[in-house]
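Okay, work_13.csv now, which holds CSV, C-alpha atoms and all ligand atoms:
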chain,number,residue,atom,x,y,z
A,975,MET,CA,-7.9,9.9,19.1
A,976,GLN,CA,-10.6,7.4,18.4
A,977,ARG,CA,-10.3,4.6,15.8
A,978,VAL,CA,-12.9,2.4,14.3
A,979,VAL,CA,-12.8,-0.5,11.9
A,980,GLU,CA,-15.3,0.3,9.2
A,981,LEU,CA,-15.3,-2.1,6.3
A,982,ILE,CA,-15.1,-0.3,3.0
A,983,GLY,CA,-14.6,-1.3,-0.6
A,984,PRO,CA,-12.5,-3.3,-1.0
A,985,HIS,CA,-10.6,-1.1,-3.4
A,986,ARG,CA,-7.9,-2.8,-5.4
A,987,PHE,CA,-4.9,-0.8,-6.8
A,988,SER,CA,-1.9,-1.7,-8.8
A,989,GLY,CA,0.9,0.7,-9.8
A,990,ARG,CA,4.5,1.8,-9.4
A,991,VAL,CA,6.1,2.9,-6.2
A,992,VAL,CA,7.1,6.5,-6.6
A,993,THR,CA,9.2,8.9,-4.5
A,994,GLY,CA,7.7,11.3,-2.0
A,995,PHE,CA,9.1,13.9,0.4
A,996,GLN,CA,11.4,11.2,1.9
A,997,ARG,CA,10.4,12.0,5.5
A,998,GLY,CA,8.5,8.8,6.3
A,999,SER,CA,11.5,6.9,7.3
A,1000,LYS,CA,13.8,9.8,8.2
A,1001,ASP,CA,11.5,12.0,10.3
A,1002,LEU,CA,8.7,9.7,11.3
A,1003,GLY,CA,10.4,6.3,11.6
A,1004,TRP,CA,7.5,4.9,9.5
A,1005,PRO,CA,8.5,4.5,5.8
A,1006,THR,CA,5.6,4.5,3.4
A,1007,ALA,CA,5.6,3.2,-0.2
A,1008,ASN,CA,3.8,5.9,-2.2
A,1009,LEU,CA,1.7,4.7,-5.1
A,1010,ASP,CA,1.9,6.4,-8.5
A,1011,PRO,CA,-1.1,8.8,-8.5
A,1012,SER,CA,-2.1,7.7,-12.0
A,1013,ALA,CA,-3.1,4.3,-10.4
A,1014,PHE,CA,-5.8,5.9,-8.1
A,1015,GLU,CA,-6.3,9.7,-8.9
A,1016,ARG,CA,-9.2,9.2,-11.4
A,1017,THR,CA,-11.0,6.4,-9.5
A,1018,LEU,CA,-10.7,7.3,-5.8
A,1019,ASP,CA,-13.2,9.8,-4.5
A,1020,ALA,CA,-11.7,12.8,-2.7
A,1021,ALA,CA,-13.9,11.9,0.3
A,1022,THR,CA,-11.8,8.8,0.9
A,1023,GLU,CA,-9.1,10.8,2.6
A,1024,GLY,CA,-8.2,9.0,5.9
A,1025,VAL,CA,-6.2,6.2,7.5
A,1026,TYR,CA,-6.9,2.7,6.3
A,1027,VAL,CA,-5.8,-0.9,6.6
A,1028,GLY,CA,-5.4,-3.5,3.9
A,1029,TRP,CA,-2.9,-5.9,2.3
A,1030,ALA,CA,0.0,-5.2,0.0
A,1031,ALA,CA,2.5,-7.0,-2.2
A,1032,VAL,CA,5.5,-5.7,-4.2
A,1033,SER,CA,7.4,-7.4,-7.0
A,1034,GLY,CA,11.1,-6.8,-7.8
A,1035,ASP,CA,14.0,-8.9,-8.7
A,1036,SER,CA,16.2,-7.3,-6.0
A,1037,LEU,CA,13.7,-8.4,-3.3
A,1038,ARG,CA,13.9,-11.7,-1.4
A,1039,PRO,CA,11.0,-14.2,-1.8
A,1040,GLU,CA,9.8,-13.3,1.7
A,1041,ASP,CA,9.7,-9.6,0.8
A,1042,ARG,CA,7.4,-10.4,-2.2
A,1043,ALA,CA,4.8,-12.1,0.0
A,1044,VAL,CA,1.4,-10.4,0.8
A,1045,HIS,CA,1.9,-8.2,3.9
A,1046,LYS,CA,-0.4,-6.3,6.3
A,1047,ALA,CA,-0.5,-2.6,5.3
A,1048,VAL,CA,-1.5,0.5,7.1
A,1049,LEU,CA,-2.3,3.3,4.7
A,1050,SER,CA,-2.6,7.1,4.5
A,1051,VAL,CA,-4.8,8.6,1.8
A,1052,GLY,CA,-5.1,12.3,1.3
A,1053,TRP,CA,-3.2,15.6,1.5
A,1054,ASN,CA,-1.2,15.0,4.8
A,1055,PRO,CA,-2.8,18.0,6.6
A,1056,HIS,CA,-0.1,17.9,9.2
A,1057,PHE,CA,2.3,19.4,6.6
A,1058,ASP,CA,1.7,22.5,4.6
A,1059,ASP,CA,3.8,21.6,1.5
A,1060,VAL,CA,1.7,18.6,0.2
A,1061,GLN,CA,-0.2,19.8,-2.9
A,1062,GLN,CA,-1.0,16.4,-4.4
A,1063,ARG,CA,-3.0,13.7,-2.8
A,1064,THR,CA,-1.0,10.6,-1.8
A,1065,LEU,CA,-1.9,7.0,-1.3
A,1066,GLU,CA,1.0,5.6,0.8
A,1067,ALA,CA,1.4,2.4,2.7
A,1068,TYR,CA,3.5,1.2,5.6
A,1069,LEU,CA,4.0,-2.5,5.0
A,1070,CYS,CA,4.3,-4.5,8.2
A,1071,HIS,CA,7.4,-6.3,7.1
A,1072,ASP,CA,11.2,-5.8,7.7
A,1073,PHE,CA,12.7,-5.3,4.2
A,1074,SER,CA,16.2,-5.2,5.9
A,1075,GLY,CA,17.2,-1.9,4.3
A,1076,ARG,CA,16.1,-2.8,0.8
A,1077,ASP,CA,13.9,-0.2,-1.0
A,1078,PHE,CA,11.7,-0.9,-3.9
A,1079,TYR,CA,11.2,2.4,-5.8
A,1080,GLY,CA,9.9,1.8,-9.3
A,1081,GLU,CA,8.6,-1.6,-8.5
A,1082,GLN,CA,5.0,-2.7,-9.0
A,1083,MET,CA,2.9,-2.7,-5.9
A,1084,GLN,CA,-0.6,-4.2,-5.4
A,1085,LEU,CA,-2.9,-3.1,-2.7
A,1086,ILE,CA,-6.3,-4.0,-1.3
A,1087,VAL,CA,-7.7,-1.4,0.9
A,1088,CYS,CA,-10.5,-2.9,3.0
A,1089,ALA,CA,-11.2,-0.9,6.2
A,1090,PHE,CA,-11.2,2.7,7.5
A,1091,LEU,CA,-9.6,3.6,10.8
A,1092,ARG,CA,-9.8,7.4,11.2
A,1093,PRO,CA,-9.7,10.7,9.3
A,1094,GLN,CA,-6.4,12.5,8.5
A,1095,ALA,CA,-5.5,15.1,11.2
A,1096,LYS,CA,-3.2,18.0,11.9
A,1097,PHE,CA,-1.3,17.4,15.2
A,1098,ASP,CA,0.3,19.8,17.7
A,1099,SER,CA,3.7,18.3,17.1
A,1100,LEU,CA,5.6,15.8,15.0
A,1101,GLU,CA,5.8,13.6,18.1
A,1102,ALA,CA,2.0,13.5,18.3
A,1103,LEU,CA,1.8,12.5,14.6
A,1104,ILE,CA,4.3,9.7,15.2
A,1105,GLU,CA,2.4,8.5,18.3
A,1106,ALA,CA,-0.8,8.4,16.3
A,1107,ILE,CA,0.8,6.4,13.4
A,1108,THR,CA,2.3,4.0,16.0
A,1109,THR,CA,-1.2,3.4,17.4
A,1110,ASP,CA,-2.7,3.1,13.9
A,1111,VAL,CA,-0.1,0.4,13.1
A,1112,ASP,CA,-0.8,-1.6,16.4
A,1113,PHE,CA,-4.5,-1.2,16.0
A,1114,GLY,CA,-4.5,-2.0,12.3
A,1115,ARG,CA,-2.3,-5.1,12.6
A,1116,SER,CA,-4.7,-6.7,15.0
A,1117,ALA,CA,-7.8,-5.6,13.0
A,1118,LEU,CA,-6.3,-7.4,9.9
A,1119,ASP,CA,-6.3,-10.7,12.0
A,1120,SER,CA,-10.1,-10.6,12.1
A,1121,SER,CA,-12.2,-13.1,10.2
A,1122,GLU,CA,-13.6,-10.1,8.1
A,1123,LEU,CA,-10.2,-8.8,6.9
A,1124,MET,CA,-7.9,-11.8,6.9
A,1125,PRO,CA,-9.5,-13.4,3.8
A,1126,PHE,CA,-8.4,-10.5,1.5
A,1127,LYS,CA,-4.8,-11.7,2.0
A,1128,ASP,CA,-5.6,-14.6,-0.4
A,1129,ASP,CA,-7.5,-12.5,-2.9
A,1130,PRO,CA,-6.9,-13.8,-6.4
A,1131,PHE,CA,-5.7,-10.3,-7.3
A,1132,PHE,CA,-2.4,-11.0,-5.6
A,1133,ALA,CA,-1.8,-14.3,-7.5
A,1134,MET,CA,-1.8,-12.3,-10.7
A,1135,LEU,CA,1.5,-10.6,-9.8
A,1136,ALA,CA,3.2,-13.7,-8.5
A,1137,ASN,CA,2.0,-15.8,-11.5
A,1138,PRO,CA,1.4,-13.5,-14.5
A,1139,PRO,CA,-0.7,-15.2,-17.2
A,1140,ALA,CA,1.6,-17.2,-19.5
A,1141,GLU,CA,2.1,-15.5,-22.9
A,1142,ALA,CA,-0.2,-16.8,-25.5
A,1143,PRO,CA,1.7,-19.0,-28.0
A,1144,LEU,CA,2.5,-17.3,-31.2
A,1145,ARG,CA,0.0,-17.9,-34.0
A,1146,GLY,CA,1.2,-20.6,-36.3
A,1147,SER,CA,3.6,-22.2,-33.7
A,1148,GLU,CA,1.2,-25.1,-33.2
A,1149,ASP,CA,1.1,-25.6,-37.0
A,1150,ALA,CA,4.8,-25.7,-37.2
A,1151,ALA,CA,5.0,-28.4,-34.5
A,1152,ARG,CA,2.4,-30.6,-36.2
A,1153,PRO,CA,3.7,-33.5,-38.3
A,1154,THR,CA,3.5,-32.7,-41.9
A,1155,ASP,CA,2.2,-36.0,-43.3
B,1201,LIG,P1,9.1,8.6,0.2
B,1201,LIG,O1,8.7,9.9,0.7
B,1201,LIG,O2,10.0,8.6,-1.0
B,1201,LIG,O3,7.9,7.7,0.1
B,1201,LIG,P2,9.7,7.2,2.7
B,1201,LIG,O4,10.7,7.7,3.7
B,1201,LIG,O5,8.3,7.2,3.0
B,1201,LIG,O6,10.0,7.9,1.3
B,1201,LIG,O7,10.3,5.7,2.4
B,1201,LIG,C1,9.5,4.9,1.6
B,1201,LIG,C2,10.4,3.8,0.8
B,1201,LIG,O8,11.0,3.0,1.8
B,1201,LIG,C3,9.5,2.9,0.0
B,1201,LIG,O9,9.2,3.5,-1.3
B,1201,LIG,C4,10.2,1.6,0.0
B,1201,LIG,O10,11.1,1.6,-1.1
B,1201,LIG,C5,11.1,1.7,1.3
B,1201,LIG,N1,10.6,0.8,2.4
B,1201,LIG,C6,11.4,0.0,3.1
B,1201,LIG,N2,10.7,-0.7,4.0
B,1201,LIG,C7,9.4,-0.3,3.9
B,1201,LIG,C8,8.1,-0.7,4.6
B,1201,LIG,N3,8.2,-1.6,5.6
B,1201,LIG,N4,7.0,-0.1,4.2
B,1201,LIG,C9,7.0,0.8,3.2
B,1201,LIG,N5,8.1,1.2,2.5
B,1201,LIG,C10,9.3,0.6,2.8
B,1202,LIG,N1,-0.3,12.6,7.7
B,1202,LIG,C1,-1.0,13.6,8.2
B,1202,LIG,O1,-0.8,14.8,7.9
B,1202,LIG,N2,-2.0,13.4,9.2
B,1202,LIG,C2,-2.3,12.1,9.6
B,1202,LIG,O2,-3.3,12.0,10.4
B,1202,LIG,C3,-1.6,11.0,9.1
B,1202,LIG,N3,-1.8,9.8,9.5
B,1202,LIG,C4,-1.0,8.7,9.0
B,1202,LIG,C5,-1.3,7.4,9.4
B,1202,LIG,C6,-0.5,6.4,8.9
B,1202,LIG,C7,-0.7,5.0,9.4
B,1202,LIG,C8,0.6,6.6,8.0
B,1202,LIG,C9,1.4,5.5,7.5
B,1202,LIG,C10,0.8,7.9,7.6
B,1202,LIG,C11,0.0,9.0,8.0
B,1202,LIG,N4,0.2,10.3,7.6
B,1202,LIG,C12,-0.5,11.3,8.1
B,1202,LIG,C13,1.1,10.6,6.5
B,1202,LIG,C14,2.5,11.0,6.8
B,1202,LIG,O3,2.5,12.4,7.1
B,1202,LIG,C15,3.4,10.7,5.6
B,1202,LIG,O4,3.5,9.3,5.5
B,1202,LIG,C16,4.8,11.3,5.8
B,1202,LIG,O5,4.7,12.7,5.8
B,1202,LIG,C17,5.7,10.8,4.7
B,1202,LIG,O6,5.2,11.1,3.5
B,1203,MG,MG,6.4,7.6,1.6

For this file, produce the structure as C-alpha cells.
Ligand code: ADP
Ligand code: RBF
Ligand code: MG
Amino acid sequence: MQRVVELIGPHRFSGRVVTGFQRGSKDLGWPTANLDPSAFERTLDAATEGVYVGWAAVSGDSLRPEDRAVHKAVLSVGWNPHFDDVQQRTLEAYLCHDFSGRDFYGEQMQLIVCAFLRPQAKFDSLEALIEAITTDVDFGRSALDSSELMPFKDDPFFAMLANPPAEAPLRGSEDAARPTD
C-alpha cells in the first residue's frame, strides 16, 4: 500500500478522550485515544476520512510530566471500513509514547493534524490491517521529523493546555488592596 506525505490543514482539535470498541490495544496491539465526536463532527469534512500524522498532548493529574509532553501521533479518521459495526465516524490517535499502562479516558486531549498518509481501507485479514498500521506508524514517525512537520510540535496551541491563562482578578480586589488614605 502506497503512502504519501501530503501537507494538510493544519487542523487543531481539543476535546475529551472517550471510549471506543476497546479493540485497539487488545486486538491490534495499537491503542488509539478516541476524541469526543463533538470536538470534530461539525467542523471536519466527511472527505477527510484517512490516515494522518500530527502531534498530540493529553492533560491529567494521574499522568507523569513526561506523559503530558507533546508526542508524535498517527491518526485514523473515518468509519473504520475494515469493521462492519462502526456507525459513527471516529478520530483516534496512537500517541508515540509509552504511558506504562496508564490510561487517560476522560482527560483533555489536544491534536494538530498536519499531513495525510493514505485513505482508510478494508483488508483481507486482521493481520494485514495490523501490518498496515505498523508501517503507518514507522512511516509517520519519520515524516514528523521533517522540517515541514516538526515545527507544529511547538505550536502555541499546546502551551494553552500546559499553562492555562491565569484567572482574571475579581473585580474590586485591586481596590481592596489599595491604601485607603
Ligand atoms: P478504545 O476503543 O476505548 O479507544 P483502545 O484499545 O483503542 O480503546 O485503547 C485506547 C486507550 O488506551 C486510550 O484512550 C488511552 O487511555 C490508552 N492509551 C495508552 N497508551 C496509549 C497510546 N500510546 N496511544 C493512545 N492511547 C493510549
Ligand atoms: N481502520 C480501518 O478500518 N482501516 C484502516 O485502513 C485503518 N487504518 C488505521 C491506521 C492507523 C495508523 C490507526 C492508528 C488506525 C487505523 N484504523 C483503520 C482504525 C482501527 O481499525 C481502530 O483504531 C481500531 O479498530 C480500534 O478502534
Ligand atoms: Mg481507540

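Straight-line separation from CA of Gln976 in chain A to CA of Phe1113 in chain A: 10.8 Å.
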
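You can rank A:Gly1080, A:Glu1105, A:Tyr1068, A:Leu1123 by their closest distance to Ser999 in chain A using only C-alpha atoms, and at the top of that list sits A:Tyr1068.
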
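Using all atoms listed in the file, the smallest distance between any of A:Leu1049, A:Ala1117, A:Ile1086, A:Met1124 and ligand LIG 1202 (chain B) comes from A:Leu1049.
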
Proximity check chain A to ligand MG 1203 (chain B), 8 Å, nearest pairs one decimal Å, only C-alpha atoms and all ligand atoms, as CSV:
residue,atom,partner,partner_atom,distance
A:Thr993,CA,B:MG1203,MG,6.8
A:Gly994,CA,B:MG1203,MG,5.3
A:Phe995,CA,B:MG1203,MG,7.0
A:Gln996,CA,B:MG1203,MG,6.2
A:Arg997,CA,B:MG1203,MG,7.1
A:Gly998,CA,B:MG1203,MG,5.3
A:Ser999,CA,B:MG1203,MG,7.7
A:Pro1005,CA,B:MG1203,MG,5.6
A:Thr1006,CA,B:MG1203,MG,3.7
A:Ala1007,CA,B:MG1203,MG,4.8
A:Asn1008,CA,B:MG1203,MG,4.9
A:Glu1066,CA,B:MG1203,MG,5.8
A:Ala1067,CA,B:MG1203,MG,7.3

Selection as a ChimeraX atom specification: residues within 12 Å of ligand LIG 1201 (chain B) by only C-alpha atoms and all ligand atoms: /A:990-1010,1029-1034,1036-1037,1041-1042,1045-1050,1054,1060,1064-1083,1111

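Shortest separation to ligand LIG 1202 (chain B) among A:Ser1121, A:Gln1084, A:Gln1094, A:Thr1108 occurs at residue A:Gln1094, atoms counted being all atoms listed in the file.
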
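Shortest separation to ligand LIG 1202 (chain B) among A:Arg1016, A:Arg977, A:Arg1038, A:His985 occurs at residue A:Arg977, atoms counted being all atoms listed in the file.
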
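Proximity of A:Ala1106, A:Leu1018, A:Leu981, A:Leu1118 to ligand LIG 1202 (chain B), computed with all atoms listed in the file, is greatest for A:Ala1106.
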
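Each of A:Pro984, A:Ala1043, A:Gln1061, A:Gly989 was checked against ligand LIG 1202 (chain B) using all atoms listed in the file; the smallest atom-to-atom distance is that of A:Gln1061.
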
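Between CA of Pro1011 in chain A and atom O3 of ligand LIG 1202 (chain B) the separation is 16.4 Å.
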
Atom C16 of ligand LIG 1202 (chain B) and CA of Arg986 in chain A are how many Å apart? 22.0 Å

Would you list the contacts of Asp1019 in chain A as a ChimeraX atom specification, taking every protein, DNA or RNA residue within 12 Å and counting all atoms listed in the file, but skipping same-chain residues closer than 3 positions in sequence? /A:983,985,1014-1016,1022-1024,1051-1052,1063

Could I get range 1032-1044 of chain A from the block written as a tab-separated table (two decimals), in the first residue's frame, with all heavy atoms?
chain	number	residue	atom	x	y	z
A	1032	VAL	N	-1.90	15.20	26.08
A	1032	VAL	CA	-3.02	14.96	26.99
A	1032	VAL	C	-2.69	15.52	28.36
A	1032	VAL	O	-1.53	15.51	28.78
A	1032	VAL	CB	-3.37	13.45	27.15
A	1032	VAL	CG1	-4.23	12.97	26.01
A	1032	VAL	CG2	-2.14	12.59	27.31
A	1033	SER	N	-3.73	16.00	29.04
A	1033	SER	CA	-3.52	16.50	30.40
A	1033	SER	C	-3.88	15.36	31.36
A	1033	SER	O	-4.08	14.24	30.92
A	1033	SER	CB	-4.42	17.72	30.64
A	1033	SER	OG	-5.76	17.34	30.49
A	1034	GLY	N	-4.00	15.62	32.60
A	1034	GLY	CA	-4.44	14.58	33.54
A	1034	GLY	C	-3.52	14.48	34.73
A	1034	GLY	O	-2.32	14.26	34.59
A	1035	ASP	N	-4.12	14.61	35.94
A	1035	ASP	CA	-3.34	14.59	37.17
A	1035	ASP	C	-2.68	13.25	37.42
A	1035	ASP	O	-1.66	13.16	38.09
A	1035	ASP	CB	-4.26	14.93	38.36
A	1035	ASP	CG	-4.68	16.39	38.32
A	1035	ASP	OD1	-4.02	17.17	37.60
A	1035	ASP	OD2	-5.68	16.74	39.00
A	1036	SER	N	-3.28	12.16	36.87
A	1036	SER	CA	-2.71	10.84	37.14
A	1036	SER	C	-1.51	10.56	36.23
A	1036	SER	O	-0.82	9.56	36.41
A	1036	SER	CB	-3.78	9.77	36.89
A	1036	SER	OG	-4.18	9.81	35.54
A	1037	LEU	N	-1.27	11.43	35.26
A	1037	LEU	CA	-0.16	11.21	34.32
A	1037	LEU	C	1.12	11.86	34.82
A	1037	LEU	O	1.09	12.87	35.51
A	1037	LEU	CB	-0.53	11.76	32.94
A	1037	LEU	CG	-1.70	11.08	32.23
A	1037	LEU	CD1	-2.02	11.79	30.91
A	1037	LEU	CD2	-1.42	9.60	31.98
A	1038	ARG	N	2.25	11.25	34.44
A	1038	ARG	CA	3.55	11.80	34.81
A	1038	ARG	C	3.86	12.99	33.91
A	1038	ARG	O	3.31	13.08	32.79
A	1038	ARG	CB	4.63	10.72	34.62
A	1038	ARG	CG	4.37	9.44	35.40
A	1038	ARG	CD	5.20	8.29	34.89
A	1038	ARG	NE	4.88	7.95	33.51
A	1038	ARG	CZ	5.39	6.93	32.84
A	1038	ARG	NH1	6.25	6.12	33.43
A	1038	ARG	NH2	5.07	6.70	31.58
A	1039	PRO	N	4.76	13.89	34.31
A	1039	PRO	CA	5.09	15.05	33.46
A	1039	PRO	C	5.51	14.61	32.05
A	1039	PRO	O	5.10	15.24	31.07
A	1039	PRO	CB	6.24	15.72	34.19
A	1039	PRO	CG	6.08	15.30	35.61
A	1039	PRO	CD	5.45	13.94	35.61
A	1040	GLU	N	6.27	13.53	31.93
A	1040	GLU	CA	6.72	13.11	30.58
A	1040	GLU	C	5.55	12.62	29.73
A	1040	GLU	O	5.60	12.68	28.50
A	1040	GLU	CB	7.82	12.04	30.66
A	1040	GLU	CG	7.43	10.73	31.34
A	1040	GLU	CD	7.84	10.66	32.81
A	1040	GLU	OE1	7.72	11.68	33.53
A	1040	GLU	OE2	8.26	9.56	33.26
A	1041	ASP	N	4.48	12.12	30.39
A	1041	ASP	CA	3.29	11.69	29.63
A	1041	ASP	C	2.56	12.90	29.05
A	1041	ASP	O	1.88	12.79	28.04
A	1041	ASP	CB	2.30	10.95	30.54
A	1041	ASP	CG	2.89	9.67	31.12
A	1041	ASP	OD1	3.74	9.04	30.46
A	1041	ASP	OD2	2.49	9.30	32.25
A	1042	ARG	N	2.68	14.04	29.75
A	1042	ARG	CA	1.91	15.23	29.35
A	1042	ARG	C	2.62	16.07	28.30
A	1042	ARG	O	2.15	17.11	27.90
A	1042	ARG	CB	1.58	16.08	30.58
A	1042	ARG	CG	0.57	15.39	31.48
A	1042	ARG	CD	0.11	16.30	32.62
A	1042	ARG	NE	0.43	15.69	33.90
A	1042	ARG	CZ	1.22	16.20	34.83
A	1042	ARG	NH1	1.82	17.37	34.62
A	1042	ARG	NH2	1.44	15.56	35.95
A	1043	ALA	N	3.79	15.59	27.82
A	1043	ALA	CA	4.53	16.31	26.77
A	1043	ALA	C	3.78	16.20	25.44
A	1043	ALA	O	2.79	15.46	25.33
A	1043	ALA	CB	5.92	15.71	26.65
A	1044	VAL	N	4.26	16.92	24.43
A	1044	VAL	CA	3.68	16.81	23.09
A	1044	VAL	C	4.34	15.62	22.39
A	1044	VAL	O	5.57	15.53	22.32
A	1044	VAL	CB	3.91	18.11	22.28
A	1044	VAL	CG1	3.31	17.98	20.89
A	1044	VAL	CG2	3.31	19.30	23.02
